[in-house]
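Asks: Here you go, coords_5.txt (compact mmCIF, C-alpha atoms and all ligand atoms):
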```txt
# COMPACT_ATOMS: atom_id res chain seq x y z
CA MET A 212 0.00 0.00 0.00
CA ILE A 213 2.74 2.43 1.10
CA ARG A 214 4.83 1.39 -1.89
CA LYS A 215 1.92 2.07 -4.26
CA PHE A 216 1.43 5.47 -2.65
CA LEU A 217 5.13 6.35 -3.00
CA ILE A 218 5.17 5.32 -6.66
CA LEU A 219 2.07 7.44 -7.29
CA LEU A 220 3.73 10.40 -5.56
CA LEU A 221 6.84 9.96 -7.71
CA VAL A 222 4.79 9.81 -10.91
CA ILE A 223 2.90 13.00 -9.95
CA THR A 224 6.13 14.84 -9.05
CA VAL A 225 7.91 13.86 -12.27
CA GLY A 226 4.84 14.90 -14.26
CA TYR A 227 4.69 18.25 -12.49
CA LEU A 228 8.38 18.98 -12.94
CA SER A 229 8.37 18.17 -16.64
CA GLU A 230 5.44 20.55 -17.13
CA HIS A 231 7.04 23.16 -14.90
CA PRO A 232 10.74 23.23 -15.80
CA ALA A 233 11.13 26.35 -13.68
CA ALA A 234 10.27 24.38 -10.60
CA ALA A 235 12.82 21.78 -11.58
CA GLN A 236 15.52 24.37 -12.09
CA ASN A 237 14.76 26.41 -9.01
CA LYS A 238 13.57 29.56 -10.72
CA PRO A 239 15.34 32.65 -9.36
CA ASP A 240 13.25 35.47 -7.89
CA TYR A 241 14.83 37.93 -10.27
CA VAL A 242 17.45 38.12 -13.01
CA LEU A 243 19.16 41.04 -14.71
CA VAL A 244 21.40 40.71 -17.77
CA ILE A 245 23.25 43.55 -19.49
CA HIS A 246 25.45 44.24 -22.50
CA GLY A 247 27.74 47.10 -23.37
CA GLY A 248 28.15 46.29 -27.04
CA ALA A 249 29.70 43.54 -29.17
CA GLY A 250 32.54 43.82 -31.64
CA THR A 251 36.24 43.34 -32.16
CA ILE A 252 36.97 43.47 -28.45
CA LEU A 253 40.31 41.70 -28.05
CA LYS A 254 42.43 41.35 -24.95
CA GLU A 255 45.55 42.39 -26.87
CA ASN A 256 43.94 45.74 -27.74
CA MET A 257 42.81 46.43 -24.18
CA THR A 258 44.89 48.05 -21.45
CA PRO A 259 44.45 46.74 -17.88
CA GLU A 260 43.18 50.18 -16.80
CA ARG A 261 40.58 50.26 -19.52
CA GLU A 262 39.42 46.74 -18.79
CA LYS A 263 39.13 47.64 -15.10
CA ALA A 264 37.07 50.72 -15.95
CA TYR A 265 34.67 48.64 -18.07
CA ARG A 266 34.33 45.95 -15.41
CA GLU A 267 33.65 48.53 -12.70
CA LYS A 268 31.01 50.32 -14.73
CA LEU A 269 29.30 47.06 -15.73
CA HIS A 270 29.29 46.06 -12.05
CA GLU A 271 27.79 49.43 -11.07
CA ALA A 272 25.10 49.02 -13.72
CA LEU A 273 24.22 45.53 -12.46
CA LEU A 274 24.18 46.67 -8.85
CA THR A 275 21.88 49.59 -9.66
CA GLY A 276 19.35 47.40 -11.42
CA GLU A 277 19.62 44.72 -8.78
CA GLN A 278 18.65 47.20 -6.03
CA VAL A 279 15.39 47.81 -7.89
CA LEU A 280 14.65 44.10 -8.34
CA LYS A 281 15.69 43.15 -4.82
CA SER A 282 13.26 45.60 -3.28
CA GLY A 283 10.40 44.18 -5.34
CA GLY A 284 10.56 46.84 -8.07
CA SER A 285 9.54 46.20 -11.66
CA SER A 286 11.72 44.86 -14.44
CA LEU A 287 10.87 48.03 -16.38
CA ASP A 288 12.37 50.23 -13.66
CA ALA A 289 15.33 47.91 -13.32
CA VAL A 290 16.27 48.04 -17.01
CA THR A 291 15.71 51.81 -17.11
CA GLN A 292 17.97 52.49 -14.11
CA THR A 293 20.60 50.09 -15.42
CA ILE A 294 20.73 51.73 -18.84
CA LEU A 295 20.99 55.18 -17.23
CA VAL A 296 24.27 54.18 -15.56
CA MET A 297 25.73 53.11 -18.90
CA GLU A 298 24.32 56.08 -20.84
CA ASN A 299 25.95 58.44 -18.34
CA SER A 300 29.31 56.74 -18.75
CA PRO A 301 31.56 57.89 -21.62
CA LEU A 302 32.81 54.30 -21.97
CA PHE A 303 29.80 53.16 -23.95
CA ASN A 304 28.32 54.20 -27.26
CA ALA A 305 25.06 55.47 -25.74
CA GLY A 306 24.20 58.86 -24.27
CA LYS A 307 27.47 60.56 -23.30
CA GLY A 308 30.18 59.04 -25.45
CA ALA A 309 27.92 58.23 -28.42
CA VAL A 310 29.69 57.82 -31.76
CA PHE A 311 29.59 60.47 -34.49
CA THR A 312 27.72 60.50 -37.79
CA ALA A 313 29.47 61.28 -41.08
CA GLU A 314 28.70 64.96 -40.40
CA GLY A 315 30.32 64.77 -36.97
CA MET A 316 27.06 64.84 -34.99
CA ASN A 317 25.67 62.55 -32.27
CA GLU A 318 22.31 61.05 -33.22
CA MET A 319 21.01 58.57 -30.70
CA ASP A 320 18.40 55.80 -30.70
CA ALA A 321 16.78 53.93 -27.80
CA SER A 322 13.84 51.67 -27.05
CA ILE A 323 12.12 49.92 -24.18
CA MET A 324 9.48 47.18 -23.99
CA ASP A 325 7.25 45.81 -21.25
CA GLY A 326 6.76 42.06 -21.54
CA LYS A 327 3.54 42.12 -19.54
CA SER A 328 1.50 44.56 -21.62
CA LEU A 329 3.61 44.38 -24.82
CA LYS A 330 3.70 48.16 -24.68
CA ALA A 331 6.82 49.72 -26.14
CA GLY A 332 8.39 53.12 -26.72
CA ALA A 333 11.34 54.36 -28.77
CA VAL A 334 13.14 57.46 -29.93
CA ALA A 335 15.48 57.75 -32.89
CA SER A 336 17.90 60.34 -34.30
CA VAL A 337 17.71 62.47 -31.16
CA ARG A 338 20.48 65.01 -30.59
CA HIS A 339 19.55 66.68 -27.31
CA ILE A 340 17.94 64.10 -25.04
CA LYS A 341 20.48 63.58 -22.27
CA ASN A 342 19.23 60.04 -21.59
CA PRO A 343 17.58 58.59 -24.68
CA ILE A 344 16.19 55.67 -22.65
CA LEU A 345 14.06 58.14 -20.67
CA GLY A 346 12.83 59.54 -23.98
CA ALA A 347 11.84 56.02 -25.06
CA ARG A 348 10.03 55.41 -21.79
CA ALA A 349 8.18 58.73 -22.07
CA VAL A 350 7.00 57.78 -25.57
CA MET A 351 5.71 54.47 -24.19
CA GLU A 352 4.02 55.95 -21.15
CA HIS A 353 2.70 59.28 -22.38
CA THR A 354 1.99 59.03 -26.09
CA PRO A 355 -0.21 56.81 -28.28
CA HIS A 356 2.87 56.05 -30.45
CA VAL A 357 5.73 53.57 -30.35
CA LEU A 358 8.51 55.46 -32.16
CA ILE A 359 9.07 59.21 -32.44
CA ILE A 360 12.16 60.66 -34.09
CA GLY A 361 14.33 63.78 -34.06
CA GLU A 362 12.98 67.13 -32.94
CA GLY A 363 9.48 65.71 -32.52
CA ALA A 364 10.78 63.25 -29.95
CA GLU A 365 12.70 65.97 -28.15
CA GLU A 366 9.72 68.34 -27.99
CA VAL A 367 7.23 65.71 -26.86
CA THR A 368 9.38 64.03 -24.23
CA ALA A 369 10.62 67.34 -22.77
CA LYS A 370 6.99 68.03 -21.88
CA TYR A 371 7.12 65.01 -19.62
CA GLY A 372 10.26 66.10 -17.83
CA VAL A 373 12.90 64.46 -20.03
CA GLU A 374 16.07 66.55 -19.82
CA LEU A 375 17.43 68.18 -22.97
CA VAL A 376 21.09 69.21 -23.21
CA ASP A 377 23.37 70.99 -25.63
CA THR A 378 24.91 68.70 -28.24
CA SER A 379 28.36 69.32 -26.72
CA TYR A 380 27.36 67.22 -23.68
CA PHE A 381 27.76 64.00 -25.70
CA PHE A 382 31.26 64.79 -26.97
CA THR A 383 34.18 62.61 -25.95
CA GLN A 384 37.68 62.93 -27.34
CA LYS A 385 37.94 59.19 -27.88
CA ARG A 386 34.88 58.97 -30.14
CA TRP A 387 35.94 62.14 -31.96
CA ASP A 388 39.40 60.71 -32.66
CA SER A 389 37.78 57.52 -33.86
CA TYR A 390 35.48 59.56 -36.12
CA ARG A 391 38.45 61.49 -37.54
CA LYS A 392 40.29 58.25 -38.21
CA VAL A 393 37.29 56.71 -39.90
CA LYS A 394 36.67 59.86 -41.88
CA LYS A 395 40.20 59.58 -43.19
CA LYS A 396 40.02 55.93 -44.01
CA MET A 397 36.36 56.04 -45.03
CA GLU A 398 35.77 52.79 -43.21
CA GLU A 399 34.19 51.84 -39.96
CA GLN A 400 36.03 51.37 -36.71
CA GLU A 401 35.06 51.42 -33.06
CA LYS A 402 31.55 51.02 -34.29
CA HIS A 403 30.07 49.08 -31.40
CA GLY A 404 29.35 49.88 -27.76
CA THR A 405 25.56 50.00 -27.60
CA VAL A 406 24.08 49.25 -24.17
CA GLY A 407 21.22 46.94 -23.27
CA ALA A 408 19.48 45.43 -20.28
CA VAL A 409 16.85 42.73 -19.80
CA ALA A 410 15.24 41.73 -16.54
CA LEU A 411 12.84 39.32 -14.90
CA ASP A 412 11.30 40.70 -11.72
CA MET A 413 9.77 39.07 -8.64
CA HIS A 414 6.31 39.39 -10.15
CA GLY A 415 7.28 37.32 -13.20
CA ASN A 416 7.38 40.30 -15.53
CA LEU A 417 10.00 40.69 -18.24
CA ALA A 418 11.36 43.92 -19.74
CA ALA A 419 14.04 44.85 -22.25
CA ALA A 420 15.78 48.11 -23.15
CA THR A 421 18.49 49.20 -25.58
CA SER A 422 20.27 52.52 -26.16
CA THR A 423 22.88 53.51 -28.74
CA GLY A 424 24.68 56.21 -30.61
CA GLY A 425 24.41 53.95 -33.68
CA MET A 426 27.39 53.19 -35.90
CA THR A 427 30.38 55.46 -36.39
CA TYR A 428 30.21 57.45 -39.60
CA LYS A 429 26.60 56.51 -40.23
CA MET A 430 24.68 58.74 -42.63
CA LYS A 431 22.78 61.65 -41.18
CA GLY A 432 19.28 60.40 -40.33
CA ARG A 433 20.26 56.71 -40.38
CA VAL A 434 18.35 54.67 -37.84
CA GLY A 435 19.56 51.25 -36.75
CA ASP A 436 17.95 48.30 -35.03
CA SER A 437 18.18 49.57 -31.45
CA PRO A 438 14.95 51.63 -31.45
CA ILE A 439 13.09 49.14 -33.64
CA ILE A 440 10.82 46.86 -31.62
CA GLY A 441 11.42 43.30 -32.80
CA ALA A 442 14.86 44.07 -34.23
CA GLY A 443 16.91 45.52 -31.36
CA THR A 444 14.54 45.07 -28.44
CA TYR A 445 11.68 42.71 -27.58
CA ALA A 446 9.97 41.43 -24.44
CA ASP A 447 7.05 39.09 -23.98
CA ASN A 448 6.14 37.49 -20.66
CA ASN A 449 5.21 34.30 -22.54
CA THR A 450 8.74 33.77 -23.82
CA CYS A 451 11.66 36.07 -23.04
CA ALA A 452 13.15 39.58 -23.08
CA VAL A 453 15.96 40.32 -25.56
CA SER A 454 18.29 43.26 -26.27
CA ALA A 455 20.64 43.21 -29.26
CA THR A 456 23.87 44.84 -30.31
CA GLY A 457 25.71 44.64 -33.60
CA HIS A 458 25.44 45.64 -37.24
CA GLY A 459 21.95 47.13 -37.11
CA GLU A 460 21.03 46.67 -40.77
CA TYR A 461 21.28 42.88 -40.39
CA PHE A 462 19.39 42.89 -37.11
CA MET A 463 16.57 44.81 -38.78
CA ARG A 464 16.44 42.61 -41.88
CA TYR A 465 16.46 39.45 -39.81
CA VAL A 466 14.10 40.87 -37.12
CA VAL A 467 16.44 39.31 -34.60
CA THR A 468 14.88 39.87 -31.18
CA TYR A 469 11.39 38.95 -32.32
CA ASP A 470 12.71 35.94 -34.24
CA ILE A 471 14.18 34.56 -31.02
CA THR A 472 10.86 34.87 -29.19
CA ALA A 473 9.00 33.43 -32.20
CA LEU A 474 11.24 30.36 -32.35
CA MET A 475 10.49 29.75 -28.68
CA LYS A 476 6.78 30.36 -29.07
CA TYR A 477 6.03 28.55 -32.30
CA GLN A 478 8.74 25.92 -32.44
CA GLY A 479 9.14 25.24 -28.75
CA LEU A 480 12.87 25.95 -28.79
CA SER A 481 14.64 26.78 -25.53
CA LEU A 482 16.10 30.28 -25.17
CA ASP A 483 19.58 28.93 -25.75
CA GLU A 484 18.58 27.02 -28.87
CA ALA A 485 16.68 29.99 -30.29
CA ALA A 486 19.51 32.47 -29.64
CA ASN A 487 22.03 30.06 -31.09
CA GLU A 488 19.99 29.50 -34.23
CA VAL A 489 19.55 33.22 -34.91
CA ILE A 490 22.97 34.60 -33.90
CA MET A 491 25.32 31.73 -34.69
CA HIS A 492 23.60 30.51 -37.85
CA LYS A 493 21.13 32.87 -39.53
CA LEU A 494 23.16 36.03 -38.84
CA LYS A 495 26.65 34.61 -38.88
CA ASP A 496 26.10 32.90 -42.23
CA VAL A 497 25.37 36.24 -43.89
CA GLY A 498 28.06 38.26 -42.09
CA GLY A 499 25.75 39.93 -39.55
CA ASP A 500 28.11 40.73 -36.66
CA GLY A 501 26.76 41.07 -33.16
CA GLY A 502 25.02 39.42 -30.27
CA ILE A 503 22.15 39.45 -27.81
CA ILE A 504 21.46 39.21 -24.12
CA ALA A 505 18.21 37.60 -22.99
CA VAL A 506 16.34 36.19 -20.03
CA ASP A 507 13.35 33.90 -20.37
CA LYS A 508 10.26 33.63 -18.20
CA ASP A 509 11.90 30.91 -16.10
CA GLY A 510 15.02 32.96 -15.42
CA ASN A 511 17.29 31.21 -17.94
CA ILE A 512 19.94 33.51 -19.38
CA SER A 513 21.55 33.78 -22.81
CA MET A 514 24.49 35.98 -23.80
CA THR A 515 25.19 34.83 -27.36
CA PHE A 516 27.45 36.66 -29.84
CA ASN A 517 29.35 35.90 -33.04
CA THR A 518 32.02 38.60 -32.62
CA PRO A 519 35.37 38.27 -30.82
CA GLY A 520 33.91 39.91 -27.71
CA MET A 521 30.86 41.46 -26.08
CA PHE A 522 30.78 43.48 -22.86
CA ARG A 523 28.24 41.63 -20.77
CA GLY A 524 27.19 40.53 -17.32
CA TYR A 525 24.34 39.25 -15.19
CA VAL A 526 23.15 39.05 -11.63
CA THR A 527 20.52 36.75 -10.12
CA SER A 528 18.65 36.59 -6.85
CA GLY A 529 20.78 33.56 -5.98
CA GLY A 530 23.66 35.98 -5.44
CA THR A 531 25.54 35.09 -8.60
CA GLU A 532 27.16 37.92 -10.51
CA GLU A 533 29.43 37.55 -13.50
CA ILE A 534 31.02 40.10 -15.81
CA LEU A 535 32.64 38.98 -19.07
CA ILE A 536 34.24 40.73 -22.01
CA TYR A 537 35.98 38.32 -24.37
CA ASN A 538 34.95 35.05 -25.92
CA ASP A 539 35.62 32.95 -22.82
N1 LIG S 601 23.06 48.04 -33.31
C1 LIG S 601 23.56 49.39 -33.31
C2 LIG S 601 23.17 50.06 -34.60
O1 LIG S 601 23.28 49.45 -35.63
C3 LIG S 601 25.04 49.46 -33.13
C4 LIG S 601 25.64 48.57 -32.09
O2 LIG S 601 24.96 47.78 -31.46
O3 LIG S 601 26.84 48.67 -31.88
O4 LIG S 601 22.83 51.22 -34.58
```
Give the structure from this file in structure tokens form.
Ligand code: ASP

Replies:
Amino acid sequence: MIRKFLILLLVITVGYLSEHPAAAQNKPDYVLVIHGGAGTILKENMTPEREKAYREKLHEALLTGEQVLKSGGSSLDAVTQTILVMENSPLFNAGKGAVFTAEGMNEMDASIMDGKSLKAGAVASVRHIKNPILGARAVMEHTPHVLIIGEGAEEVTAKYGVELVDTSYFFTQKRWDSYRKVKKKMEEQEKHGTVGAVALDMHGNLAAATSTGGMTYKMKGRVGDSPIIGAGTYADNNTCAVSATGHGEYFMRYVVTYDITALMKYQGLSLDEAANEVIMHKLKDVGGDGGIIAVDKDGNISMTFNTPGMFRGYVTSGGTEEILIYND
């Protein structure tokens, strides 16, 4: 009798766990994953001081977002606060330190998406919004639109308290030198450094956000994947939240972030399998450089890229934090 009961209990437990993989894997209360751009990031080109600076800033970004998640805050607030840290740092190609267009201007793009409501907001080609991610959030929360560009975006979001600054705020000598070099050679260099964050909060809600200065020496008015929902950013509570970085034209043509969620949704692929398929096969096969960070509804993480390096890191409620730069 007891044996029969134990066998029944075992059958029920196995059945439950296979239907609820999260339970089997001990789903974390919260997860935050970030990137600071993918590209030709090689150890031999990096000084120890520079590497330290990147690691410290990535750690600060993770810590900032983690505070939000730890205190029961939303994934939306967590990704917003995390991106702000990286936008305010001249190390990354987003906000201060954005790369220059062919005309020597900074034109920035950003987007944010809420996996619960599937609401999204984005700004593109903005020159005065100090923190483009706040512009994107204002578009999502205060307008009936998803994407507003240029002066329109600046005017509208300023009404909701988004800070505008003089274009000189975004200038950094490093990006300017890189622009001058590229201008001379007429080829791209130092083109990556976009920032992104995805989070799962204690309430089971996913969010994703991405912010960039675009690609060095891009044409005036060029918009990349970062502010395009489905290309550079996507979040859906039923699958995962994804933020991308890389050669935007490919990410737009291959609708990368949405494709990852679609493979999970319609083909039942795991996050890892879906990210691998899109980044390491579909994109890589056609020369689309870049990568993604993602977290799925069960707290599984992916940081997949087909370039030599990608600034990246994650933190989970289990107390695990990791920051990585190269392909290791
Ligand atoms: N994806 C960005 C763009 O094409 C650039 C990057 O991620 O480095 O605008």

Asks: Residues within 9 Å of ligand LIG 601 (chain S) should be enumerated using all atoms listed in the file and returned as JSON, numbers by chain.

Replies: {"A": [247, 248, 249, 250, 304, 319, 320, 401, 402, 403, 404, 405, 406, 421, 422, 423, 424, 425, 426, 427, 429, 433, 434, 435, 436, 437, 438, 443, 455, 456, 457, 458, 459, 460, 461, 462, 463, 501, 502]}

Asks: Using CA of Lys341 in chain A and CA of Asp377 in chain A as the two end points, give the distance in Å to one decimal.

Replies: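 Rounded to one decimal, the two atoms are 8.6 Å apart.
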
Asks: Using only the atoms of range 343-358 of chain A listed in the file, plus 4 Å on each side, state the axis-aligned box centre and edge lengths in Å rounded to one decimal, as lines of an AutoDock Vina configuration file.

Replies:
```
center_x = 8.7
center_y = 56.6
center_z = -26.4
size_x = 25.8
size_y = 14.0
size_z = 19.5
```

Asks: If you count only C-alpha atoms, which residues fall within 8 Å of Phe311 in chain A, apart from same-chain ones fewer than 2 positions away, as an NGL selection string?

Replies: :A and (309 or 313-318 or 386-387 or 390 or 424 or 426-429)

Asks: Near range 475-478 of chain A, within 10 Å and counting only C-alpha atoms, which residues show up once chain neighbours fewer than 6 positions away are dropped, as a PyMOL selection string?

Replies: chain A and resi 449-451+469+484-486+507

Asks: Which residues are near Met257 in chain A? Cut-off 12 Å, all atoms listed in the file, ignore same chain within fewer than 5 positions. Put them as a PyMOL selection string.

Replies: chain A and resi 251-252+262-265+520+536-537

Asks: Counting only C-alpha atoms, which residue out of A:Thr472, A:Ala410, A:Pro239, A:Gly332 sits closest to Ile360 in chain A?

Replies: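 Smallest separation from Ile360 in chain A among the options: A:Gly332.
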
Asks: Given the choices A:Gly479, A:Gly524, A:Gly530, A:Gly441, which gets closest to Val357 in chain A if the distance is worked out from only C-alpha atoms?

Replies: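 Closest to Val357 in chain A, using only C-alpha atoms: A:Gly441.
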
Asks: State, in Å with one decimal place, the distance from CA of Ala331 in chain A to CA of Ser454 in chain A.

Replies: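 Between CA of Ala331 in chain A and CA of Ser454 in chain A the gap works out to 13.2 Å.
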
Asks: Just to confirm, what's the straight-line distance from CA of Thr312 in chain A to CA of Val337 in chain A in Å (one decimal)?

Replies: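 About the pair CA of Thr312 in chain A and CA of Val337 in chain A: they are 12.2 Å apart.
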
Asks: Which is closer to Arg464 in chain A than all the others in A:Ile503, A:Val497, A:Val296, A:Leu482, using all atoms listed in the file?

Replies: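 Closest to Arg464 in chain A of all the choices is A:Val497.
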
Asks: Could you list, as a ChimeraX atom specification, every residue within 6 Å of range 275-277 of chain A, counting only C-alpha atoms and ignoring same-chain residues fewer than 6 positions away?

Replies: /A:289,292-293

Asks: So that I can see what lies close to Lys330 in chain A, please list as a PyMOL selection string the residues with an atom at most 12 Å from it, counting only C-alpha atoms and leaving out residues fewer than 6 positions away in the same chain.

Replies: chain A and resi 287+322-324+347-358+417-419+440+444-448

Asks: Just checking: using only C-alpha atoms, which residue out of A:Leu375, A:Ala272, A:Leu329, A:Val506 ends up closest to Phe303 in chain A?

Replies: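 Of the candidates, the smallest distance to Phe303 in chain A is held by A:Ala272.
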